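Participant: Hey, dropping upload.cif in here, mmCIF, C-alpha atoms and all ligand atoms:
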```cif
data_run
loop_
_atom_site.label_atom_id
_atom_site.label_comp_id
_atom_site.auth_asym_id
_atom_site.auth_seq_id
_atom_site.Cartn_x
_atom_site.Cartn_y
_atom_site.Cartn_z
CA MET X 294 -30.88 26.75 -5.47
CA SER X 295 -32.47 24.51 -8.07
CA LEU X 296 -29.53 25.31 -10.38
CA LEU X 297 -27.13 24.11 -7.70
CA LYS X 298 -29.12 20.88 -7.45
CA GLU X 299 -28.86 20.42 -11.22
CA VAL X 300 -25.11 20.93 -11.15
CA ILE X 301 -24.70 18.44 -8.32
CA LEU X 302 -26.80 15.96 -10.27
CA GLN X 303 -24.56 16.44 -13.31
CA LEU X 304 -21.46 15.84 -11.20
CA PHE X 305 -23.05 12.70 -9.88
CA PHE X 306 -23.69 11.49 -13.44
CA ALA X 307 -20.10 12.31 -14.33
CA LEU X 308 -18.98 9.83 -11.69
CA THR X 309 -21.00 6.93 -13.17
CA PRO X 310 -17.94 5.18 -14.73
CA PHE X 311 -16.01 5.49 -11.46
CA VAL X 312 -18.90 4.17 -9.35
CA LEU X 313 -19.59 1.26 -11.71
CA TYR X 314 -15.87 0.47 -11.90
CA ASN X 315 -15.74 0.07 -8.14
CA ILE X 316 -18.76 -2.20 -8.17
CA TYR X 317 -17.91 -4.33 -11.18
CA TYR X 318 -14.14 -4.69 -10.77
CA ARG X 319 -14.07 -4.80 -6.98
CA ASP X 320 -12.95 -8.43 -6.61
CA LYS X 321 -11.60 -8.92 -10.08
CA LEU X 322 -7.97 -9.55 -10.82
CA GLN X 323 -8.15 -7.57 -14.01
CA ASN X 324 -8.32 -3.95 -14.97
CA TYR X 325 -10.92 -2.07 -17.02
CA SER X 326 -11.62 -2.85 -20.67
CA LYS X 327 -12.49 -0.47 -23.51
CA ALA X 328 -15.98 -2.02 -23.66
CA PHE X 329 -16.45 -1.12 -20.01
CA ILE X 330 -15.45 2.50 -20.71
CA LEU X 331 -17.85 2.68 -23.65
CA ILE X 332 -20.81 1.19 -21.78
CA THR X 333 -20.41 3.25 -18.60
CA SER X 334 -19.68 6.44 -20.55
CA SER X 335 -22.83 5.86 -22.60
CA ILE X 336 -24.93 5.40 -19.45
CA SER X 337 -23.43 8.55 -17.99
CA LEU X 338 -24.04 10.43 -21.22
CA ILE X 339 -27.70 9.43 -21.57
CA LEU X 340 -28.42 10.27 -17.94
CA ALA X 341 -26.62 13.61 -18.12
CA MET X 342 -28.35 14.67 -21.33
CA THR X 343 -31.78 13.49 -20.19
CA PHE X 344 -31.53 15.45 -16.94
CA ALA X 345 -29.41 18.32 -18.30
CA SER X 346 -29.25 21.70 -16.58
CA SER X 347 -30.94 24.54 -18.40
CA VAL X 348 -32.11 28.10 -17.83
CA VAL X 349 -34.10 28.31 -21.05
CA ASP X 350 -36.11 25.54 -22.68
CA GLY X 351 -34.31 23.93 -25.65
CA ILE X 352 -30.81 25.11 -24.65
CA ILE X 353 -29.30 22.49 -22.39
CA PHE X 354 -25.95 22.08 -20.69
CA ASP X 355 -24.54 18.88 -19.29
CA ILE X 356 -21.23 17.10 -18.75
CA ARG X 357 -21.05 15.63 -22.28
CA TYR X 358 -17.54 17.06 -22.87
CA VAL X 359 -16.36 15.56 -19.64
CA ILE X 360 -17.56 12.16 -20.79
CA MET X 361 -16.13 12.57 -24.25
CA PHE X 362 -12.70 13.49 -22.89
CA PHE X 363 -12.82 10.64 -20.40
CA GLY X 364 -13.84 8.20 -23.16
CA LEU X 365 -10.94 9.43 -25.27
CA VAL X 366 -8.29 9.11 -22.56
CA TYR X 367 -9.32 5.68 -21.25
CA GLY X 368 -11.09 4.13 -24.24
CA GLY X 369 -9.08 5.55 -27.13
CA ILE X 370 -10.17 7.28 -30.29
CA LYS X 371 -12.64 4.56 -31.41
CA THR X 372 -14.57 4.72 -28.14
CA ALA X 373 -14.66 8.51 -28.33
CA LEU X 374 -15.97 8.35 -31.90
CA ILE X 375 -18.80 5.98 -30.92
CA LEU X 376 -19.66 8.30 -28.02
CA PHE X 377 -19.59 11.24 -30.39
CA ILE X 378 -22.14 9.52 -32.68
CA GLU X 379 -24.30 8.66 -29.67
CA PHE X 380 -24.18 12.35 -28.64
CA ILE X 381 -25.35 13.48 -32.04
CA ILE X 382 -28.19 10.97 -32.29
CA TYR X 383 -29.46 11.61 -28.79
CA ARG X 384 -29.12 15.41 -29.08
CA CYS X 385 -31.14 15.37 -32.32
CA TYR X 386 -33.74 13.19 -30.61
CA LEU X 387 -34.01 15.67 -27.71
CA GLY X 388 -34.37 18.55 -30.20
CA GLY X 389 -35.14 22.16 -29.25
CA GLU X 390 -33.94 25.57 -30.27
CA GLY X 391 -30.30 24.94 -29.42
CA THR X 392 -29.89 21.69 -31.39
CA GLY X 393 -28.02 23.21 -34.36
CA VAL X 394 -25.55 25.11 -32.17
CA ALA X 395 -25.14 22.05 -29.95
CA LEU X 396 -24.10 19.93 -32.93
CA LEU X 397 -21.60 22.57 -34.02
CA MET X 398 -20.26 22.73 -30.47
CA LEU X 399 -19.92 18.97 -30.41
CA VAL X 400 -17.85 18.88 -33.57
CA CYS X 401 -15.58 21.70 -32.32
CA SER X 402 -15.25 20.15 -28.86
CA PHE X 403 -14.52 16.72 -30.28
CA LEU X 404 -11.66 18.06 -32.40
CA LEU X 405 -10.42 20.07 -29.46
CA SER X 406 -10.63 16.99 -27.24
CA VAL X 407 -8.29 15.11 -29.57
CA VAL X 408 -5.73 17.95 -29.37
CA ILE X 409 -6.02 18.19 -25.56
CA TYR X 410 -5.78 14.39 -25.29
CA LYS X 411 -2.45 14.42 -27.16
CA LEU X 412 -1.12 17.12 -24.84
CA TYR X 413 -2.56 15.36 -21.78
CA HIS X 414 -0.44 12.28 -22.47
CA LYS X 415 2.74 14.34 -22.54
CA THR X 416 2.17 16.52 -19.49
CA HIS X 417 3.14 15.65 -15.92
CA LYS X 418 0.63 18.09 -14.47
CA LYS X 419 -2.35 15.91 -15.32
CA THR X 420 -4.66 17.17 -12.54
CA PHE X 421 -4.15 20.80 -13.49
CA PHE X 422 -4.54 19.92 -17.14
CA THR X 423 -7.91 18.22 -16.69
CA PHE X 424 -9.16 21.27 -14.83
CA ILE X 425 -8.05 23.55 -17.65
CA ALA X 426 -9.66 21.19 -20.22
CA GLY X 427 -13.01 21.76 -18.47
CA ILE X 428 -12.57 25.51 -18.78
CA VAL X 429 -11.58 25.30 -22.45
CA PHE X 430 -14.67 23.22 -23.31
CA SER X 431 -16.86 25.72 -21.46
CA ALA X 432 -15.25 28.65 -23.29
CA VAL X 433 -16.00 27.01 -26.68
CA ALA X 434 -19.61 26.47 -25.62
CA LEU X 435 -19.88 30.05 -24.42
CA GLY X 436 -18.34 31.53 -27.56
CA LEU X 437 -20.57 29.58 -29.96
CA THR X 438 -23.72 30.20 -27.93
CA PHE X 439 -22.88 33.90 -27.88
CA ILE X 440 -22.53 34.02 -31.67
CA PHE X 441 -25.97 32.47 -32.20
CA PHE X 442 -27.90 33.69 -29.11
CA PRO X 443 -26.17 36.90 -27.90
CA ASP X 444 -29.20 38.20 -26.02
CA TYR X 445 -29.74 34.92 -24.24
CA VAL X 446 -26.09 34.78 -23.13
CA LYS X 447 -26.11 38.40 -21.91
CA LYS X 448 -29.24 37.68 -19.90
CA HIS X 449 -27.73 34.61 -18.25
CA LEU X 450 -24.11 35.71 -18.17
CA ALA X 451 -23.38 34.50 -14.64
CA TYR X 452 -24.70 31.04 -15.53
CA HIS X 453 -22.38 30.82 -18.53
CA VAL X 454 -19.32 32.39 -16.98
CA PHE X 455 -19.41 30.64 -13.60
CA VAL X 456 -21.83 27.73 -13.43
CA ILE X 457 -21.00 25.88 -16.66
CA PRO X 458 -17.19 26.18 -16.38
CA ALA X 459 -17.43 25.03 -12.75
CA GLN X 460 -19.63 22.10 -13.76
CA ASN X 461 -17.26 21.04 -16.53
CA SER X 462 -14.00 21.62 -14.65
CA ILE X 463 -15.03 19.99 -11.41
CA GLY X 464 -16.72 17.14 -13.32
CA ILE X 465 -13.70 16.37 -15.46
CA TRP X 466 -11.27 16.75 -12.58
CA LEU X 467 -13.31 14.53 -10.26
CA LEU X 468 -13.87 11.77 -12.79
CA MET X 469 -10.33 11.69 -14.17
CA THR X 470 -8.67 11.86 -10.75
CA LEU X 471 -10.88 9.31 -9.00
CA PHE X 472 -10.92 6.90 -11.92
CA GLY X 473 -7.16 7.26 -12.38
CA LYS X 474 -6.59 6.48 -8.73
CA ALA X 475 -8.92 3.50 -8.79
CA ILE X 476 -7.17 1.88 -11.74
CA ALA X 477 -3.74 2.58 -10.25
CA ASP X 478 -4.85 0.85 -7.03
CA LYS X 479 -6.11 -2.07 -9.06
CA GLU X 480 -2.78 -2.40 -10.85
CA LEU X 481 -1.03 -2.43 -7.50
CA PHE X 482 -3.44 -5.06 -6.23
CA ILE X 483 -2.87 -7.26 -9.27
CA ALA X 484 0.89 -7.06 -8.74
CA HIS X 485 0.40 -7.82 -5.05
CA ALA X 486 -1.76 -10.85 -5.88
CA GLN X 487 0.94 -12.17 -8.20
CA ASN X 488 3.43 -11.84 -5.34
CA GLU X 489 1.10 -13.79 -3.08
CA LYS X 490 1.99 -16.85 -5.13
CA ILE X 491 5.64 -16.34 -4.26
CA GLN X 492 4.77 -15.87 -0.61
CA ALA X 493 2.68 -19.06 -0.52
CA MET X 494 5.51 -20.99 -2.13
CA SER X 495 8.04 -19.56 0.33
CA HIS X 496 5.98 -21.01 3.21
CA VAL X 497 5.99 -24.35 1.46
CA ALA X 498 9.74 -24.03 0.85
CA ALA X 499 10.44 -23.84 4.58
CA SER X 500 8.83 -27.23 5.12
CA LEU X 501 10.47 -28.59 2.01
CA ALA X 502 13.94 -27.72 3.26
CA HIS X 503 13.12 -29.70 6.37
CA GLU X 504 11.99 -32.65 4.28
CA VAL X 505 15.11 -32.65 2.13
CA ARG X 506 17.24 -33.06 5.23
CA ASN X 507 15.70 -36.46 6.05
CA PRO X 508 16.90 -38.33 2.94
CA LEU X 509 20.26 -36.58 3.27
CA THR X 510 20.64 -37.89 6.80
CA ALA X 511 19.59 -41.36 5.64
CA VAL X 512 22.07 -41.37 2.76
CA LYS X 513 24.80 -40.09 5.05
CA GLY X 514 24.05 -42.94 7.48
CA PHE X 515 24.25 -45.56 4.72
CA LEU X 516 27.52 -44.18 3.40
CA ARG X 517 28.97 -44.39 6.88
CA LEU X 518 27.79 -48.01 7.23
CA MET X 519 29.41 -48.87 3.91
CA GLN X 520 32.60 -47.18 5.01
CA GLU X 521 32.66 -49.18 8.24
CA SER X 522 32.11 -52.56 6.55
CA PRO X 523 33.27 -52.24 2.92
CA ASN X 524 33.41 -55.98 2.32
CA GLU X 525 29.75 -56.86 2.88
CA ARG X 526 28.68 -56.80 -0.73
CA ALA X 527 25.03 -57.79 -0.31
CA LYS X 528 24.42 -55.13 2.31
CA THR X 529 26.28 -52.49 0.38
CA GLU X 530 24.07 -53.10 -2.65
CA GLN X 531 20.95 -52.79 -0.52
CA TYR X 532 22.21 -49.50 1.00
CA ILE X 533 22.99 -48.12 -2.44
CA LYS X 534 19.51 -49.03 -3.69
CA ILE X 535 17.77 -47.33 -0.75
CA SER X 536 20.00 -44.27 -1.07
CA LEU X 537 19.31 -43.96 -4.79
CA ASP X 538 15.53 -44.21 -4.18
CA GLU X 539 15.72 -41.51 -1.53
CA ILE X 540 17.73 -39.22 -3.78
CA LYS X 541 15.34 -39.80 -6.69
CA ARG X 542 12.31 -38.94 -4.54
CA THR X 543 13.95 -35.77 -3.23
CA GLU X 544 14.96 -34.79 -6.74
CA SER X 545 11.41 -35.17 -8.03
CA ILE X 546 9.95 -33.08 -5.17
CA LEU X 547 12.49 -30.33 -5.81
CA THR X 548 11.83 -30.38 -9.57
CA GLU X 549 8.08 -30.07 -9.02
CA TYR X 550 8.53 -27.34 -6.46
CA LEU X 551 10.67 -25.34 -8.86
CA SER X 552 8.18 -25.82 -11.69
CA ILE X 553 5.34 -24.50 -9.51
CA SER X 554 7.19 -21.51 -8.18
CA LYS X 555 8.60 -20.32 -11.49
CA PRO X 556 6.91 -17.37 -13.24
CA LEU X 557 3.81 -18.25 -15.23
CA GLN X 558 3.81 -18.72 -18.96
CA GLU X 559 0.70 -18.25 -21.05
CA ARG X 560 -0.31 -21.66 -22.34
CA SER X 561 -3.33 -23.92 -22.43
CA GLU X 562 -3.13 -27.65 -23.01
CA PRO X 563 -4.89 -30.91 -22.12
CA ILE X 564 -3.74 -31.96 -18.68
CA ASN X 565 -4.27 -35.07 -16.66
CA VAL X 566 -5.90 -33.97 -13.41
CA SER X 567 -4.96 -37.10 -11.45
CA GLU X 568 -1.32 -36.55 -12.29
CA GLN X 569 -1.51 -32.97 -11.09
CA LEU X 570 -3.06 -34.07 -7.80
CA HIS X 571 -0.24 -36.55 -7.23
CA VAL X 572 2.30 -33.81 -7.83
CA ILE X 573 0.52 -31.53 -5.37
CA GLN X 574 0.42 -34.29 -2.79
CA GLU X 575 4.14 -34.85 -3.17
CA VAL X 576 5.02 -31.17 -2.93
CA MET X 577 2.64 -30.38 -0.09
CA LEU X 578 3.37 -33.46 2.01
CA PRO X 579 6.28 -31.85 3.89
CA PHE X 580 4.06 -28.84 4.71
CA ALA X 581 1.35 -31.24 5.96
CA ASN X 582 3.87 -33.20 8.03
CA MET X 583 5.14 -30.01 9.58
CA HIS X 584 1.60 -29.24 10.76
CA ASN X 585 0.89 -32.84 11.83
CA VAL X 586 -1.80 -33.20 9.20
CA GLU X 587 -2.41 -36.22 6.96
CA LEU X 588 -2.60 -35.51 3.26
CA ASP X 589 -4.34 -38.27 1.31
CA ILE X 590 -5.46 -38.70 -2.22
CA GLN X 591 -8.46 -40.60 -3.60
CA ILE X 592 -8.65 -40.69 -7.35
CA TYR X 593 -9.86 -42.86 -10.21
CA ASP X 594 -7.31 -44.69 -12.29
CA THR X 595 -9.08 -43.35 -15.35
CA PRO X 596 -7.41 -40.30 -16.82
CA VAL X 597 -9.51 -37.17 -16.46
CA THR X 598 -8.40 -34.48 -18.85
CA ILE X 599 -9.15 -30.79 -18.78
CA ILE X 600 -7.86 -27.94 -20.91
CA ALA X 601 -5.91 -25.53 -18.74
CA ASN X 602 -2.55 -24.07 -17.93
CA PRO X 603 -0.83 -26.81 -15.86
CA ASP X 604 1.31 -24.31 -13.93
CA GLU X 605 -1.71 -22.24 -12.98
CA ILE X 606 -3.67 -25.33 -11.93
CA LYS X 607 -0.84 -26.39 -9.66
CA GLN X 608 -0.55 -22.94 -8.12
CA VAL X 609 -4.27 -22.84 -7.49
CA LEU X 610 -4.25 -26.29 -5.89
CA VAL X 611 -1.30 -25.31 -3.69
CA ASN X 612 -3.38 -22.38 -2.39
CA PHE X 613 -6.39 -24.56 -1.57
CA VAL X 614 -4.35 -27.37 -0.03
CA LYS X 615 -2.26 -24.93 1.98
CA ASN X 616 -5.42 -23.34 3.42
CA SER X 617 -6.85 -26.74 4.29
CA ILE X 618 -3.66 -27.84 6.03
CA GLU X 619 -3.57 -24.56 7.96
CA ALA X 620 -7.23 -25.05 8.92
CA CYS X 621 -6.37 -28.50 10.32
CA ALA X 622 -3.23 -27.43 12.16
CA GLU X 623 -5.02 -26.88 15.47
CA VAL X 624 -7.37 -29.89 15.39
CA GLN X 625 -6.75 -33.45 16.53
CA ASN X 626 -6.16 -35.98 13.73
CA GLY X 627 -6.23 -33.32 11.04
CA ARG X 628 -6.75 -34.79 7.58
CA VAL X 629 -6.92 -33.32 4.10
CA ILE X 630 -8.20 -35.42 1.21
CA LEU X 631 -7.77 -34.62 -2.47
CA SER X 632 -10.25 -36.36 -4.73
CA ILE X 633 -11.72 -36.29 -8.20
CA LEU X 634 -15.28 -37.06 -9.31
CA ILE X 635 -16.76 -37.03 -12.77
CA GLU X 636 -20.25 -35.62 -13.09
CA LYS X 637 -22.09 -34.73 -16.29
CA GLU X 638 -18.95 -34.24 -18.41
CA ASN X 639 -17.41 -32.16 -15.66
CA ALA X 640 -14.32 -32.90 -13.61
CA LEU X 641 -14.89 -32.15 -9.94
CA LEU X 642 -11.72 -31.61 -7.91
CA MET X 643 -12.42 -31.76 -4.22
CA ILE X 644 -10.27 -30.61 -1.34
CA THR X 645 -11.84 -31.81 1.89
CA ASP X 646 -10.57 -31.16 5.38
CA ASN X 647 -11.72 -31.71 8.95
CA GLY X 648 -10.32 -28.38 10.11
CA ILE X 649 -11.77 -25.39 11.90
CA GLY X 650 -14.36 -24.70 9.18
CA MET X 651 -16.12 -21.42 8.46
CA ASP X 652 -19.43 -19.80 9.36
CA ALA X 653 -21.89 -18.46 6.78
CA GLY X 654 -20.46 -14.92 6.97
CA GLN X 655 -16.94 -16.13 6.30
CA ILE X 656 -18.06 -18.33 3.40
CA GLN X 657 -19.73 -15.35 1.80
CA ARG X 658 -16.55 -13.29 1.97
CA LEU X 659 -14.36 -16.02 0.48
CA GLY X 660 -12.47 -14.95 -2.59
CA SER X 661 -12.92 -11.25 -1.88
CA ILE X 662 -9.89 -9.03 -1.62
CA TYR X 663 -7.91 -9.12 1.63
CA PHE X 664 -10.35 -11.37 3.47
CA SER X 665 -8.26 -13.37 5.90
CA THR X 666 -8.80 -14.72 9.40
CA LYS X 667 -5.10 -15.43 9.90
CA THR X 668 -2.77 -13.10 11.73
CA SER X 669 -0.17 -13.33 8.98
CA GLY X 670 -2.63 -14.03 6.16
CA THR X 671 -2.90 -11.89 3.06
CA GLY X 672 -6.37 -12.91 1.89
CA LEU X 673 -5.07 -13.00 -1.66
CA GLY X 674 -4.59 -16.73 -2.19
CA LEU X 675 -8.24 -17.43 -2.89
CA THR X 676 -8.83 -14.17 -4.76
CA TYR X 677 -6.07 -15.20 -7.14
CA SER X 678 -7.31 -18.80 -7.32
CA TYR X 679 -10.95 -17.86 -7.96
CA HIS X 680 -9.85 -15.55 -10.74
CA VAL X 681 -7.75 -18.24 -12.43
CA ILE X 682 -10.51 -20.85 -12.14
CA HIS X 683 -13.18 -18.52 -13.54
CA SER X 684 -10.95 -17.43 -16.40
CA MET X 685 -10.49 -21.12 -17.33
CA GLY X 686 -14.26 -21.61 -17.41
CA GLY X 687 -14.41 -23.37 -14.05
CA THR X 688 -16.45 -22.72 -10.90
CA VAL X 689 -15.85 -23.10 -7.16
CA GLN X 690 -18.31 -24.30 -4.54
CA VAL X 691 -17.79 -24.38 -0.81
CA LYS X 692 -19.40 -26.41 1.93
CA SER X 693 -18.21 -25.67 5.40
CA GLU X 694 -19.24 -25.92 9.03
CA PRO X 695 -17.45 -24.43 11.98
CA LEU X 696 -15.41 -27.03 13.91
CA ILE X 697 -16.40 -29.79 11.47
CA GLY X 698 -14.54 -29.01 8.28
CA THR X 699 -14.59 -27.63 4.78
CA GLN X 700 -15.00 -28.99 1.30
CA PHE X 701 -14.00 -26.96 -1.74
CA THR X 702 -15.24 -28.32 -5.07
CA ILE X 703 -13.62 -26.96 -8.21
CA THR X 704 -15.54 -27.84 -11.37
CA PHE X 705 -13.97 -27.85 -14.83
CA PRO X 706 -15.51 -28.99 -18.10
CA CYS X 707 -13.84 -32.28 -19.08
CA HIS X 708 -11.83 -32.38 -22.26
CA ALA X 709 -12.19 -36.15 -22.73
CA ILE X 710 -13.07 -38.98 -20.42
CA GLU X 711 -11.82 -42.15 -21.91
CA LYS X 712 -13.54 -44.51 -19.52
CA VAL X 713 -15.07 -43.92 -16.15
CA GLY X 714 -13.63 -46.58 -13.93
CA THR X 715 -14.29 -47.25 -10.28
CA ASN X 716 -10.79 -48.30 -9.29
CA LEU X 717 -9.88 -46.12 -6.41
CA THR X 718 -6.25 -45.58 -5.62
CA ALA X 719 -5.22 -44.07 -2.35
P1 LIG P 801 -4.93 -16.37 3.62
O1 LIG P 801 -4.64 -17.85 3.56
O2 LIG P 801 -3.71 -15.54 3.42
O3 LIG P 801 -5.70 -15.98 4.86
P2 LIG P 801 -6.73 -16.97 1.46
O4 LIG P 801 -7.31 -16.12 0.39
O5 LIG P 801 -5.95 -18.14 1.04
O6 LIG P 801 -5.87 -16.01 2.38
O7 LIG P 801 -7.91 -17.45 2.40
C1 LIG P 801 -8.81 -16.49 2.91
C2 LIG P 801 -9.49 -17.00 4.17
O8 LIG P 801 -10.42 -18.03 3.84
C3 LIG P 801 -8.60 -17.62 5.23
O9 LIG P 801 -8.00 -16.64 6.06
C4 LIG P 801 -9.57 -18.50 6.00
O10 LIG P 801 -10.27 -17.75 6.96
C5 LIG P 801 -10.58 -18.91 4.95
N1 LIG P 801 -10.34 -20.29 4.50
C6 LIG P 801 -9.87 -20.66 3.29
N2 LIG P 801 -9.80 -22.00 3.19
C7 LIG P 801 -10.25 -22.51 4.36
C8 LIG P 801 -10.43 -23.84 4.89
N3 LIG P 801 -10.10 -24.92 4.18
N4 LIG P 801 -10.93 -23.95 6.15
C9 LIG P 801 -11.25 -22.86 6.87
N5 LIG P 801 -11.09 -21.59 6.44
C10 LIG P 801 -10.60 -21.40 5.22
MG MG P 802 -4.10 -18.98 1.87
#
```
Show the structure stored in the file as structure tokens.
Ligand code: ADP
Ligand code: MG

Facilitator:
Amino acid sequence: MSLLKEVILQLFFALTPFVLYNIYYRDKLQNYSKAFILITSSISLILAMTFASSVVDGIIFDIRYVIMFFGLVYGGIKTALILFIEFIIYRCYLGGEGTGVALLMLVCSFLLSVVIYKLYHKTHKKTFFTFIAGIVFSAVALGLTFIFFPDYVKKHLAYHVFVIPAQNSIGIWLLMTLFGKAIADKELFIAHAQNEKIQAMSHVAASLAHEVRNPLTAVKGFLRLMQESPNERAKTEQYIKISLDEIKRTESILTEYLSISKPLQERSEPINVSEQLHVIQEVMLPFANMHNVELDIQIYDTPVTIIANPDEIKQVLVNFVKNSIEACAEVQNGRVILSILIEKENALLMITDNGIGMDAGQIQRLGSIYFSTKTSGTGLGLTYSYHVIHSMGGTVQVKSEPLIGTQFTITFPCHAIEKVGTNLTA
């Protein structure tokens, strides 16, 4: 019975990387790194070796091969080598009668791991292969132990023939399968979150199409007037001027819309935040009009510059502004205000609305995967936005009260503030 407990404990240790992956990467829009594999594998290794299963003092068995193989597959050869050195140091530190054989086993198993790893990449039957790998590692351990301690092995034959192979095979199969599934899900989620951007922009596009019709109707009307009275020169000139202004405005909205919805390019440059807010106001105004919500802007004349990817900033702002407009859709006199403040060398971008607001529970869940209170919501807009802001060195704060409104404050370190003025433009 106590042996069974030890095996279960070892299997639990084997799952350390998987458990920590689910905790650490839960709301992250990125997949595992090699450093993560090394750290979690090391934790798993130390725990497994410290609380190893054993029938005789000094000869211990744990899931070290499972961890080594896992480290090799997900972390690469360098990670596996570091783990291998950790094994040796810690095994020598633990000491005991079986230390010499254990070191020999480690060297053999490490070389074998590299061979199995090469085959593992080529095979389609990965699950079956991991199971077999566990058996192979156990067979090596059994063979070498038998050469050096034949009497001990004969005495505990059942332990070596059944318990250890089961421990290794189930351990390796569980860890590789669960971890593999978790990272595949994460990849899918990342792709889904990228698509969210397209979905958000398609909502905006519907209102935009509506907005483009207005200047078209106006221009059509003026053309007709000119056709009816071609000799009134003064009036004709006035009509042409108004028409040209309307066309120019529509053109600029469409250009901005296209620049926001195009696929992202990796780049980082100084950008003028006020300019970006004006663009967002222009692009989101049709969406606000469609929902009967005012969209205002309050910014300093002074240029506030941050280092970021302008396309990403715009996409992030579209997400926040879209949420605020949606939150105001059902309230009377809905109003969304975009503003900038400068505080201690930081640029504070604020999106304030007087919409439905959120309670403490909802605020806490903001930015986590699939949290949405909307019937057709995806809950990915803010997850994506939080990720982008954090990866640019920014932070997000939220103040919200149900039925009163919400204020999101996005803070970025300023690149340069030429002069802090107090001229407000609205
Ligand atoms: P979605 O808009 O698809 O629901 P988001 O990630 O953009 O997903 O937003 C998640 C949730 O956060 C929303 O469903 C909503 O409940 C809440 N939320 C975000 N912004 C606001 C806001 N300005 N006012 C009230 N609730 C908000
Ligand atoms: Mg949203």

Participant: Within 9 Å of X:Arg357, counting only C-alpha atoms, which residues qualify if same-chain residues fewer than 5 places away don't, as a PyMOL selection string?

Facilitator: chain X and resi 307+337-338+341-342+362+380+399+461

Participant: How would you write, as JSON, numbers by chain, the set of residues no farther than 8 Å from ligand MG 802 (chain P) when counting all atoms listed in the file?

Facilitator: {"X": [493, 612, 613, 615, 616, 670, 671, 672, 673, 674, 675]}

Participant: Which residue is closest to ligand LIG 801 (chain P)? Choose from X:Leu659, X:Met583, X:Ile635, X:Ile382 and count all atoms listed in the file.

Facilitator: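 For ligand LIG 801 (chain P), the nearest of the given residues is X:Leu659.
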
Participant: Which of these residues is nearest to X:Val497, using all atoms listed in the file: X:Thr598, X:Ser402, X:Gln608, X:Thr416?

Facilitator: X:Gln608

Participant: Mind giving me the straight-line distance from atom CA of X:Asn324 to atom CA of X:Val312 in Å, one decimal?

Facilitator: 14.5 Å

Participant: With 8 Å of padding per side, what axis-aligned box (centre and edge lengths, Å, one decimal) covers all the listed atoms of ligand LIG 801 (chain P)? Give it as lines of an AutoDock Vina configuration file.

Facilitator:
```
center_x = -7.5
center_y = -20.2
center_z = 3.7
size_x = 23.5
size_y = 25.4
size_z = 22.6
```

Participant: Which of these, X:Leu331, X:Leu610, X:Leu450, X:Ala486, has the shortest distance to X:Val566 once you count all atoms listed in the file?

Facilitator: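 Ranking X:Leu331, X:Leu610, X:Leu450, X:Ala486 by distance to X:Val566, first place goes to X:Leu610.
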
Participant: Nearest residue to X:Ser552 out of X:Ile476, X:Val408, X:Met494, X:Ile592, using only C-alpha atoms?

Facilitator: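 Closest to X:Ser552, using only C-alpha atoms: X:Met494.
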
Participant: So, with only C-alpha atoms as the atoms that count, which of X:Phe421, X:Phe403, X:Tyr452, X:Phe482 lies closest to X:Leu374?

Facilitator: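 Smallest distance to X:Leu374 is found for X:Phe403.
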
Participant: With distances taken over only C-alpha atoms, which of X:Val681, X:Ile540, X:Ile533, X:Leu340 is nearest to X:Asn507?

Facilitator: X:Ile540

Participant: Using only C-alpha atoms, give me every residue within 12 Å of (-6.5, -23.0, -5.0) in file coordinates, as number ranges by chain.

Facilitator: X: 490, 493, 570, 573, 604-617, 631, 642-644, 659-660, 673-683, 688-690, 701-703

Participant: Mind pulling up the distance from atom CA of X:Met519 to atom CA of X:Leu537?

Facilitator: 14.2 Å

Participant: Need the shell around X:Ala459: protein/DNA/RNA residues with any atom at most 8 Å away, counting only C-alpha atoms. Skip same-chain ones fewer than 5 positions apart. Format as a PDB file with C-alpha atoms, in the coordinates of the input?

Facilitator:
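out-v3.pdb written:
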```pdb
ATOM      1  CA  GLY X 427     -13.010  21.760 -18.470  1.00  0.00           C
ATOM      2  CA  ILE X 428     -12.570  25.510 -18.780  1.00  0.00           C
ATOM      3  CA  GLY X 464     -16.720  17.140 -13.320  1.00  0.00           C
TER       4      GLY X 464
END
```

Participant: Separation of atom CA of X:Ser522 and atom CA of X:Asp538, in Å?

Facilitator: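 One can read the atom CA of X:Ser522 to atom CA of X:Asp538 distance as 21.4 Å.
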
Participant: Please provide the set of residues having any atom within 7 Å of stretch 503-505 of chain X, restricted to only C-alpha atoms, with same-chain residues fewer than 4 positions apart removed, written as a ChimeraX atom specification.

Facilitator: /X:499,509,543,579

Participant: Since we have the selection now, will you write its residues out, keeping C-alpha atoms, as an mmCIF file, in the frame of the given file?

Facilitator:
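Ended up saving to part-v7.cif:
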```cif
data_model
loop_
_atom_site.group_PDB
_atom_site.id
_atom_site.type_symbol
_atom_site.label_atom_id
_atom_site.label_comp_id
_atom_site.auth_asym_id
_atom_site.auth_seq_id
_atom_site.Cartn_x
_atom_site.Cartn_y
_atom_site.Cartn_z
ATOM 1 C CA ALA X 499 10.440 -23.840 4.580
ATOM 2 C CA LEU X 509 20.260 -36.580 3.270
ATOM 3 C CA THR X 543 13.950 -35.770 -3.230
ATOM 4 C CA PRO X 579 6.280 -31.850 3.890
#
```

Participant: So which residues touch X:Lys411 within 12 Å, counting all atoms listed in the file, skipping near sequence neighbours fewer than 5 positions away, as a PyMOL selection string?

Facilitator: chain X and resi 362+365-366+369-370+404-406+416+419+422
